[in-house]
>>> print(open('upload17.cif').read())   # mmCIF, C-alpha atoms
data_run
loop_
_atom_site.label_atom_id
_atom_site.label_comp_id
_atom_site.auth_asym_id
_atom_site.auth_seq_id
_atom_site.Cartn_x
_atom_site.Cartn_y
_atom_site.Cartn_z
CA MET A 1 4.06 51.54 45.69
CA ALA A 2 6.97 53.71 46.80
CA LEU A 3 9.15 53.50 49.90
CA LEU A 4 10.81 56.82 50.75
CA ARG A 5 13.50 57.37 53.38
CA ASP A 6 14.08 61.01 54.25
CA GLY A 7 12.42 61.96 50.98
CA THR A 8 14.59 59.65 48.83
CA LEU A 9 12.95 56.90 46.80
CA THR A 10 14.36 53.61 48.14
CA GLU A 11 12.01 50.93 46.80
CA ALA A 12 9.66 51.08 43.82
CA TRP A 13 7.00 48.50 43.02
CA VAL A 14 4.54 48.31 40.15
CA GLU A 15 2.01 45.50 40.33
CA ARG A 16 -1.07 44.53 38.34
CA PRO A 17 -3.65 43.25 40.85
CA ALA A 18 -5.37 41.27 38.09
CA ARG A 19 -2.02 39.64 37.20
CA PRO A 20 -0.04 39.12 40.43
CA ASP A 21 3.47 37.70 40.17
CA GLY A 22 2.47 34.87 42.50
CA VAL A 23 5.33 35.01 45.01
CA GLY A 24 4.08 33.58 48.30
CA ASP A 25 1.07 31.84 46.73
CA VAL A 26 0.23 28.35 47.96
CA VAL A 27 -0.99 26.09 45.15
CA ALA A 28 -1.99 22.50 44.58
CA ALA A 29 -0.24 21.37 41.40
CA ARG A 30 0.73 18.13 39.69
CA VAL A 31 4.18 16.76 38.98
CA ALA A 32 4.61 16.89 35.19
CA ALA A 33 8.01 15.18 34.99
CA LEU A 34 10.86 14.21 37.29
CA ALA A 35 14.22 15.69 36.32
CA PRO A 36 16.85 14.00 38.50
CA ALA A 37 19.66 15.24 36.22
CA MET A 38 18.53 18.79 37.05
CA ALA A 39 17.98 17.87 40.72
CA GLY A 40 14.27 18.57 40.72
CA ALA A 41 10.91 18.16 39.02
CA PHE A 42 8.81 20.11 36.56
CA ILE A 43 5.39 21.06 37.92
CA LEU A 44 2.22 21.77 35.95
CA MET A 45 0.77 24.88 37.58
CA PRO A 46 -3.01 25.44 37.91
CA ASP A 47 -2.85 28.17 35.23
CA GLY A 48 -1.19 25.82 32.73
CA SER A 49 2.35 27.20 33.06
CA THR A 50 5.30 25.07 34.13
CA GLY A 51 7.20 25.62 37.36
CA PHE A 52 10.26 23.96 38.84
CA LEU A 53 10.56 22.23 42.22
CA PRO A 54 14.23 21.89 43.26
CA GLU A 55 15.17 18.67 45.00
CA SER A 56 16.40 20.70 48.00
CA GLU A 57 12.87 22.11 48.41
CA ALA A 58 10.90 18.92 47.77
CA SER A 59 10.80 17.76 51.40
CA ARG A 60 11.74 18.97 54.84
CA ASP A 61 14.38 16.25 55.17
CA ARG A 62 15.76 16.96 51.65
CA ARG A 63 15.40 13.43 50.33
CA PRO A 64 16.09 12.60 46.65
CA ILE A 65 13.30 13.76 44.34
CA ARG A 66 12.32 10.19 43.35
CA GLU A 67 11.54 9.38 46.98
CA VAL A 68 9.11 12.25 47.52
CA ALA A 69 7.43 12.82 44.14
CA GLN A 70 5.95 10.80 41.28
CA GLU A 71 4.69 11.93 37.89
CA GLY A 72 1.02 12.90 38.15
CA GLN A 73 1.17 13.32 41.93
CA LEU A 74 -0.71 16.30 43.42
CA LEU A 75 1.51 18.40 45.72
CA VAL A 76 0.87 21.44 47.89
CA LEU A 77 3.61 23.97 47.09
CA ARG A 78 4.56 27.58 47.80
CA VAL A 79 5.81 29.88 45.05
CA THR A 80 9.21 31.22 46.15
CA ARG A 81 10.24 32.97 42.92
CA ALA A 82 8.08 34.52 40.24
CA ALA A 83 8.24 33.55 36.59
CA GLN A 84 10.89 35.73 34.96
CA GLY A 85 12.02 35.99 31.39
CA LEU A 86 11.78 32.53 29.86
CA LYS A 87 11.82 30.72 33.22
CA GLY A 88 8.74 29.59 35.10
CA PRO A 89 8.10 30.02 38.83
CA ARG A 90 10.29 28.34 41.46
CA LEU A 91 8.42 26.24 44.02
CA SER A 92 8.90 24.72 47.47
CA ALA A 93 7.14 21.91 49.31
CA ARG A 94 9.38 22.43 52.34
CA ARG A 95 8.02 25.97 52.87
CA ALA A 96 4.38 25.17 52.14
CA PRO A 97 1.81 25.00 54.96
CA PRO A 98 0.35 21.60 55.93
CA LEU A 99 -2.70 21.85 53.69
CA THR A 100 -4.42 19.11 51.69
CA ALA A 101 -6.06 19.31 48.29
CA ARG A 102 -7.96 17.01 45.95
CA GLU A 103 -7.50 18.93 42.73
CA PRO A 104 -5.15 21.58 41.30
CA GLY A 105 -5.85 25.18 42.22
CA LEU A 106 -4.84 28.25 44.19
CA LEU A 107 -5.14 27.57 47.93
CA GLU A 108 -3.78 30.79 49.38
CA ARG A 109 -2.73 34.11 47.83
CA GLY A 110 0.66 35.54 48.83
CA PRO A 111 1.03 39.13 50.09
CA ASP A 112 1.26 41.97 47.58
CA ALA A 113 3.98 44.62 47.66
CA ALA A 114 1.97 47.00 49.83
CA GLN A 115 1.40 44.27 52.43
CA ARG A 116 5.08 43.27 52.35
CA LEU A 117 6.18 46.87 52.89
CA ARG A 118 3.61 47.31 55.67
CA ALA A 119 4.99 44.26 57.48
CA ALA A 120 8.64 45.20 56.91
CA PHE A 121 8.27 48.84 58.01
CA PRO A 122 5.48 48.91 60.64
CA GLU A 123 6.62 52.27 62.03
CA ALA A 124 6.54 54.04 58.65
CA ALA A 125 3.84 56.60 57.82
CA PHE A 126 1.66 54.95 55.16
CA LEU A 127 -0.35 57.00 52.67
CA ALA A 128 -2.82 55.70 50.10
CA ASP A 129 -4.86 57.60 47.51
CA ASP A 130 -7.64 55.01 47.52
CA ARG A 131 -9.96 54.79 50.53
CA MET A 132 -10.36 51.01 50.30
CA GLU A 133 -6.58 50.54 50.11
CA ALA A 134 -6.14 52.90 53.05
CA ALA A 135 -8.56 50.81 55.10
CA ARG A 136 -6.96 47.51 54.02
CA LEU A 137 -3.45 48.66 54.97
CA GLY A 138 -4.29 50.81 57.98
CA ALA A 139 -2.93 53.79 56.04
CA SER A 140 -3.88 57.45 55.98
CA TYR A 141 -5.96 58.58 53.01
CA THR A 142 -4.60 61.34 50.79
CA PRO A 143 -6.14 62.56 47.51
CA ARG A 144 -2.80 62.12 45.73
CA ALA A 145 -0.05 59.88 47.07
CA PHE A 146 2.22 60.34 44.04
CA ASP A 147 3.14 63.92 43.14
CA ASP A 148 4.64 64.91 39.78
CA ALA A 149 8.21 64.44 41.02
CA LEU A 150 7.54 60.89 42.24
CA GLU A 151 5.69 60.04 39.02
CA ALA A 152 8.72 61.29 37.08
CA GLU A 153 11.07 59.11 39.17
CA PHE A 154 8.98 56.05 38.35
CA ASP A 155 9.00 56.98 34.65
CA ALA A 156 12.80 57.28 34.78
CA LEU A 157 13.12 53.72 36.09
CA ALA A 158 12.00 52.46 32.68
CA LEU A 159 15.05 54.10 31.04
CA PRO A 160 18.41 52.30 30.60
CA GLN A 161 20.34 55.02 32.40
CA ALA A 162 20.31 57.15 35.53
CA PRO A 163 21.93 60.57 36.12
CA LEU A 164 24.87 60.87 38.53
CA PRO A 165 25.96 63.87 40.60
CA GLY A 166 28.42 66.04 38.71
CA GLY A 167 26.95 65.36 35.29
CA GLY A 168 27.86 61.71 34.89
CA THR A 169 25.56 58.87 33.81
CA LEU A 170 25.04 55.32 35.04
CA HIS A 171 24.24 53.07 32.07
CA ILE A 172 22.24 49.91 32.84
CA GLU A 173 22.09 47.04 30.34
CA THR A 174 20.41 43.72 31.06
CA THR A 175 21.01 40.55 29.04
CA HIS A 176 19.77 36.99 29.60
CA ALA A 177 23.04 36.18 31.38
CA LEU A 178 23.72 39.26 33.52
CA THR A 179 23.21 42.97 34.11
CA ALA A 180 26.05 45.38 33.37
CA LEU A 181 26.30 48.83 34.98
CA ASP A 182 28.80 51.30 33.51
CA VAL A 183 29.78 54.68 34.96
CA ASP A 184 30.18 57.41 32.34
CA ALA A 185 32.03 60.30 33.99
CA GLY A 186 30.67 62.87 31.55
CA GLY A 187 32.38 66.22 32.05
CA ALA A 188 34.75 64.74 34.65
CA ALA A 189 36.21 62.23 32.17
CA GLY A 190 39.95 62.55 31.78
CA SER A 191 40.34 64.70 34.88
CA ALA A 192 43.81 64.54 36.41
CA ASP A 193 42.32 65.20 39.84
CA LYS A 194 42.34 61.74 41.47
CA LEU A 195 40.34 62.98 44.44
CA ALA A 196 37.60 64.26 42.10
CA GLN A 197 37.55 60.92 40.29
CA ARG A 198 37.25 59.05 43.56
CA ARG A 199 34.40 61.26 44.75
CA LEU A 200 32.61 60.77 41.44
CA ASN A 201 32.95 57.01 41.75
CA GLU A 202 31.85 57.00 45.39
CA ALA A 203 28.68 58.84 44.32
CA ALA A 204 28.27 56.39 41.42
CA ILE A 205 28.59 53.40 43.76
CA ALA A 206 25.87 54.73 46.06
CA GLU A 207 23.56 55.38 43.11
CA ALA A 208 24.31 51.98 41.56
CA ALA A 209 23.30 50.22 44.79
CA ARG A 210 20.12 52.33 44.90
CA GLN A 211 19.23 51.60 41.26
CA ILE A 212 19.83 47.86 41.72
CA ARG A 213 17.28 47.80 44.52
CA LEU A 214 14.80 50.18 42.86
CA ARG A 215 14.79 48.25 39.57
CA GLN A 216 14.83 44.84 41.33
CA LEU A 217 17.78 43.74 39.26
CA ALA A 218 18.78 40.15 39.97
CA GLY A 219 21.20 37.41 39.10
CA ALA A 220 24.79 38.28 38.12
CA ILE A 221 25.53 42.03 38.15
CA LEU A 222 28.78 43.70 37.03
CA LEU A 223 29.73 47.33 37.78
CA ASP A 224 32.46 49.18 35.87
CA ILE A 225 33.44 52.47 37.51
CA ALA A 226 35.24 55.32 35.76
CA GLY A 227 38.91 55.97 35.32
CA LEU A 228 40.66 54.44 38.34
CA PRO A 229 43.39 51.78 38.10
CA ALA A 230 42.71 48.34 39.59
CA ARG A 231 44.58 49.03 42.86
CA GLU A 232 42.53 52.17 43.57
CA ARG A 233 39.31 50.46 42.55
CA ALA A 234 39.88 47.92 45.31
CA LEU A 235 39.68 50.77 47.84
CA LEU A 236 36.05 51.30 46.80
CA GLU A 237 35.05 47.73 47.59
CA GLU A 238 34.08 48.48 51.19
CA PRO A 239 31.98 51.59 50.27
CA LEU A 240 30.11 49.45 47.73
CA ARG A 241 29.58 46.69 50.30
CA ALA A 242 28.20 49.29 52.72
CA ALA A 243 25.89 50.74 50.04
CA LEU A 244 24.48 47.27 49.31
CA ARG A 245 24.06 46.31 52.98
CA PRO A 246 20.48 47.63 53.43
CA ASP A 247 19.36 45.39 50.54
CA PRO A 248 18.89 41.86 51.98
CA LEU A 249 18.93 40.25 48.53
CA ALA A 250 22.22 41.73 47.29
CA GLU A 251 25.76 40.45 47.85
CA LEU A 252 29.14 41.81 46.72
CA LEU A 253 31.40 38.97 45.59
CA GLY A 254 34.52 41.07 45.00
CA THR A 255 36.53 42.55 42.14
CA GLY A 256 37.34 40.40 39.11
CA PRO A 257 40.56 40.38 37.04
CA LEU A 258 39.12 43.02 34.70
CA GLY A 259 38.59 45.43 37.59
CA LEU A 260 34.80 45.01 37.52
CA PHE A 261 32.84 44.74 40.75
CA GLU A 262 30.98 41.42 40.77
CA MET A 263 27.66 41.16 42.59
CA ARG A 264 24.71 38.86 42.70
CA ARG A 265 21.17 39.48 43.83
CA ALA A 266 18.61 36.80 44.57
CA ARG A 267 15.85 36.38 42.00
CA VAL A 268 12.46 36.64 43.71
CA HIS A 269 10.17 39.14 41.97
CA PRO A 270 10.37 40.09 38.28
CA PRO A 271 12.71 42.99 37.44
CA LEU A 272 10.86 46.28 37.21
CA ALA A 273 11.76 46.62 33.52
CA GLU A 274 9.86 43.40 32.81
CA THR A 275 6.75 44.79 34.48
CA LEU A 276 7.06 48.16 32.74
CA HIS A 277 7.63 46.67 29.30
CA GLY A 278 4.89 47.11 26.69
CA PRO A 279 1.95 49.40 25.96
CA LEU A 280 0.04 48.69 29.18
CA THR A 281 2.42 50.86 31.21
CA ARG A 282 1.67 53.89 29.02
CA GLY A 283 -2.04 53.15 29.16
CA LEU A 284 -2.11 52.98 32.94
CA ALA A 285 -0.14 56.23 33.21
CA LEU A 286 -2.80 57.91 31.08
CA LEU A 287 -5.54 56.25 33.13
CA ARG A 288 -4.04 57.63 36.37
CA GLN A 289 -3.92 61.08 34.76
CA ALA A 290 -7.58 60.74 33.76
CA ALA A 291 -8.52 59.71 37.30
CA ARG A 292 -6.79 62.78 38.74
CA GLU A 293 -8.54 65.09 36.28
CA ALA A 294 -11.91 63.42 36.99
CA ALA A 295 -11.43 63.97 40.72
CA ALA A 296 -10.50 67.63 40.20
CA THR A 297 -13.37 68.36 37.79
CA PRO A 298 -16.14 65.82 38.49
CA HIS A 299 -18.60 67.49 36.08
CA ARG A 300 -16.46 66.64 33.02
CA ARG A 301 -16.89 63.50 30.95
CA LEU A 302 -13.43 62.50 29.82
CA ALA A 303 -11.89 60.68 26.89
CA LEU A 304 -8.49 59.00 26.72
CA SER A 305 -6.75 58.93 23.37
CA ALA A 306 -3.76 56.73 22.58
CA ALA A 307 -2.34 54.32 20.02
CA ALA A 308 -4.34 51.17 19.28
CA PRO A 309 -2.01 48.79 21.22
CA VAL A 310 -2.31 51.00 24.32
CA LEU A 311 -6.12 51.04 24.12
CA ALA A 312 -6.21 47.28 23.58
CA ALA A 313 -3.98 46.70 26.61
CA LEU A 314 -6.29 48.80 28.81
CA ARG A 315 -9.38 46.93 27.59
CA ASP A 316 -7.68 43.59 28.26
CA LEU A 317 -6.67 44.36 31.86
CA PRO A 318 -9.53 43.16 34.10
CA GLY A 319 -10.95 45.86 36.36
CA ALA A 320 -8.91 48.83 35.11
CA LEU A 321 -11.65 50.72 33.24
CA GLU A 322 -14.30 49.58 35.73
CA GLU A 323 -12.27 51.09 38.57
CA PHE A 324 -12.09 54.42 36.75
CA GLN A 325 -15.86 54.39 36.18
CA ALA A 326 -16.54 53.61 39.84
CA GLY A 327 -14.45 56.57 40.95
CA ALA A 328 -15.49 59.09 38.29
CA GLY A 329 -19.16 58.13 38.09
CA HIS A 330 -19.04 57.74 34.31
CA PRO A 331 -17.25 55.50 31.80
CA LEU A 332 -14.05 56.67 30.13
CA THR A 333 -14.26 57.04 26.36
CA LEU A 334 -11.29 55.47 24.54
CA LEU A 335 -10.28 57.00 21.21
CA PRO A 336 -7.44 56.22 18.82
CA GLY A 337 -5.02 59.10 18.38
CA GLU A 338 -2.23 61.00 20.04
CA ASP A 339 -1.70 60.33 23.76
CA GLY A 340 -3.79 62.62 25.92
CA ILE A 341 -6.81 63.25 28.15
CA HIS A 342 -9.54 65.59 26.95
CA ASP A 343 -13.31 66.14 26.98
CA ALA A 344 -15.36 63.30 25.52
CA PRO A 345 -17.05 64.10 22.21
#
>>> encode(input="upload17.cif", output="structure tokens")
Amino acid sequence: MALLRDGTLTEAWVERPARPDGVGDVVAARVAALAPAMAGAFILMPDGSTGFLPESEASRDRRPIREVAQEGQLLVLRVTRAAQGLKGPRLSARRAPPLTAREPGLLERGPDAAQRLRAAFPEAAFLADDRMEAARLGASYTPRAFDDALEAEFDALALPQAPLPGGGTLHIETTHALTALDVDAGGAAGSADKLAQRRLNEAAIAEAARQIRLRQLAGAILLDIAGLPARERALLEEPLRAALRPDPLAELLGTGPLGLFEMRRARVHPPLAETLHGPLTRGLALLRQAAREAAATPHRRLALSAAAPVLAALRDLPGALEEFQAGAGHPLTLLPGEDGIHDAP
């Protein structure tokens, strides 16, 4: 899913319908263990994973966790943050609907990204390249919603850098503790023209705010701009605050003693890099290419060739190959080899 404003990519979402991130889901789950020292409780989710219920979210009146939950108790909870990295989902009883349950399970599925965007931007023109999706979202059908340029922008979001106007580069490095963004001035490095340096950094700030939102970066975020002394860096604080303002999850905390801009962004959905990690992403890109070629030349029987891990990931994703067959009218042959789409043998 892509949100474009005046032709500029503003939000980018990649979801696996067979493996939703779970945000917004309402589940019945059991308390695995109380953790008063951590101000909450560990919850055994219906799928066997472990989530965390903060004490502040355990009841509407915010009572201590021991007063509202017991080990083994079945609770109705809403998922407020997806599992990310090594951490399980975050849960809330306070935000869950007044439902009852007798056994663990999924009670209500949360909205997917397309539904969230539809609700957030009701006046936007919505396009979908699948007739069933178009009907579900009240969107207009188009044979191809993503052109080559938009596909390339999504591919670029998997890279640890982004180009800047004037030949510079924004480097993006994520660790378990934080995400660091560094502005490399490129050809403008060492320039004695202070105005040119400021303009470069103003462009870098705007692109940094855009990349933070596009990549769904979260937690602690540090930005190091290029070349300016600490006093002049402080003048860019308000432009950065303005660039972040359209993003409801992001907040500028200020400039630290090292001259780095310090930000934080609420963790809700997994970072895009987490979703795009692994061979499945390459497999689905090839599968989309095969679907486009099948639609353009319906008489051809196609084969997809790729490395063994890519083929295995496609076979393991429920519904992916079946969806291709339903649209093309024939199954897709999978062959080990160099990435590509060609006629089936």
>>> resolve_selection(input="upload17.cif", expression="the PyMOL selection byres ((chain A and resi 140) around 12)", output="PyMOL selection string")
chain A and resi 124-139+141-145
>>> closest_residue(input="upload17.cif", among="A:Pro336, A:Met1, A:Ala206, A:Ala308", to="Leu117 (chain A)", atoms="all atoms listed in the file")
A:Met1
>>> residues_around(input="upload17.cif", residues="region 207-221 of chain A", least_positions_apart="3", cutoff="7 Å", atoms="only C-alpha atoms", output="PyMOL selection string")
chain A and resi 10-12+157+178-180+203-204+243-244+247+262-267+271-273
>>> residues_near_point(input="upload17.cif", point="(1.1, 21.6, 47.5)", cutoff="12 Å", atoms="all atoms listed in the file", output="PyMOL selection string")
chain A and resi 25-31+43-46+53+57-59+69+73-79+91-108
>>> atom_distance(input="upload17.cif", atom1="CA of Leu280 (chain A)", atom2="CA of Leu249 (chain A)")
28.3 Å
>>> closest_residue(input="upload17.cif", among="A:Leu276, A:Ala290, A:Val23, A:Leu304", to="Ala328 (chain A)", atoms="only C-alpha atoms")
A:Ala290
>>> resolve_selection(input="upload17.cif", expression="the PyMOL selection byres ((chain A and resi 320) around 12)", output="PyMOL selection string")
chain A and resi 16-19+280+283-288+291+311-319+321-327+331-332
>>> atom_distance(input="upload17.cif", atom1="CA of Pro270 (chain A)", atom2="CA of Pro246 (chain A)")
19.7 Å
>>> closest_residue(input="upload17.cif", among="A:Gln84, A:Leu159, A:Leu228, A:Ala149", to="Val183 (chain A)", atoms="all atoms listed in the file")
A:Leu228
>>> axis_aligned_box(input="upload17.cif", around="region 327-336 of chain A", padding_each_side="4 Å", output="JSON")
{"center_x": -13.3, "center_y": 57.3, "center_z": 29.9, "size_x": 19.7, "size_y": 11.6, "size_z": 30.1}
>>> atom_distance(input="upload17.cif", atom1="CA of Ala230 (chain A)", atom2="CA of Gly254 (chain A)")
12.2 Å
>>> closest_residue(input="upload17.cif", among="A:His176, A:Arg300, A:Arg60, A:Arg116", to="Leu86 (chain A)", atoms="all atoms listed in the file")
A:His176
>>> resolve_selection(input="upload17.cif", expression="the PyMOL selection byres ((chain A and resi 164) around 12)", output="ChimeraX atom specification")
/A:161-163,165-171,182-188,199-208,210-211
>>> decode(input="upload17.cif", residues="region 245-270 of chain A", atoms="N, CA and C atoms", output="tab-separated table (two decimals), in the first residue's frame")
chain	number	residue	atom	x	y	z
A	245	ARG	N	5.95	17.14	11.99
A	245	ARG	CA	4.60	17.41	12.49
A	245	ARG	C	3.51	16.57	11.83
A	246	PRO	N	3.55	16.31	10.52
A	246	PRO	CA	2.48	15.49	9.93
A	246	PRO	C	2.46	14.04	10.42
A	247	ASP	N	3.53	13.59	11.05
A	247	ASP	CA	3.62	12.21	11.54
A	247	ASP	C	3.15	12.17	12.99
A	248	PRO	N	1.97	11.62	13.28
A	248	PRO	CA	1.44	11.67	14.65
A	248	PRO	C	2.22	10.84	15.65
A	249	LEU	N	3.10	9.95	15.18
A	249	LEU	CA	3.84	9.08	16.09
A	249	LEU	C	5.20	9.65	16.47
A	250	ALA	N	5.66	10.68	15.77
A	250	ALA	CA	7.03	11.17	15.94
A	250	ALA	C	7.07	12.41	16.81
A	251	GLU	N	8.17	12.55	17.57
A	251	GLU	CA	8.35	13.69	18.46
A	251	GLU	C	9.82	14.08	18.50
A	252	LEU	N	10.11	15.37	18.33
A	252	LEU	CA	11.47	15.87	18.46
A	252	LEU	C	11.71	16.26	19.91
A	253	LEU	N	12.74	15.68	20.52
A	253	LEU	CA	13.05	15.95	21.92
A	253	LEU	C	14.01	17.12	22.08
A	254	GLY	N	14.81	17.41	21.06
A	254	GLY	CA	15.76	18.50	21.14
A	254	GLY	C	17.11	18.10	20.59
A	255	THR	N	18.13	18.91	20.92
A	255	THR	CA	19.49	18.66	20.47
A	255	THR	C	20.35	18.31	21.68
A	256	GLY	N	21.05	17.18	21.61
A	256	GLY	CA	21.88	16.73	22.72
A	256	GLY	C	23.23	17.42	22.74
A	257	PRO	N	24.05	17.13	23.76
A	257	PRO	CA	25.36	17.79	23.91
A	257	PRO	C	26.32	17.49	22.77
A	258	LEU	N	26.10	16.41	22.02
A	258	LEU	CA	26.96	16.10	20.88
A	258	LEU	C	26.49	16.78	19.59
A	259	GLY	N	25.42	17.57	19.69
A	259	GLY	CA	24.90	18.24	18.50
A	259	GLY	C	24.00	17.37	17.66
A	260	LEU	N	23.57	16.21	18.19
A	260	LEU	CA	22.68	15.31	17.46
A	260	LEU	C	21.23	15.65	17.80
A	261	PHE	N	20.38	15.63	16.79
A	261	PHE	CA	18.95	15.80	17.03
A	261	PHE	C	18.41	14.49	17.61
A	262	GLU	N	17.69	14.60	18.72
A	262	GLU	CA	17.14	13.44	19.41
A	262	GLU	C	15.63	13.39	19.20
A	263	MET	N	15.16	12.26	18.70
A	263	MET	CA	13.74	12.06	18.44
A	263	MET	C	13.29	10.73	19.02
A	264	ARG	N	12.01	10.59	19.16
A	264	ARG	CA	11.45	9.28	19.46
A	264	ARG	C	10.16	9.12	18.67
A	265	ARG	N	9.89	7.89	18.32
A	265	ARG	CA	8.67	7.59	17.57
A	265	ARG	C	8.03	6.36	18.19
A	266	ALA	N	6.73	6.44	18.42
A	266	ALA	CA	6.02	5.36	19.11
A	266	ALA	C	6.13	4.06	18.31
A	267	ARG	N	6.34	2.97	19.04
A	267	ARG	CA	6.37	1.65	18.41
A	267	ARG	C	4.94	1.12	18.33
A	268	VAL	N	4.47	0.89	17.12
A	268	VAL	CA	3.13	0.32	16.92
A	268	VAL	C	3.23	-0.87	15.96
A	269	HIS	N	3.57	-0.60	14.71
A	269	HIS	CA	3.73	-1.65	13.71
A	269	HIS	C	5.22	-1.97	13.54
A	270	PRO	N	5.55	-3.15	13.04
A	270	PRO	CA	6.97	-3.48	12.85
A	270	PRO	C	7.62	-2.54	11.84
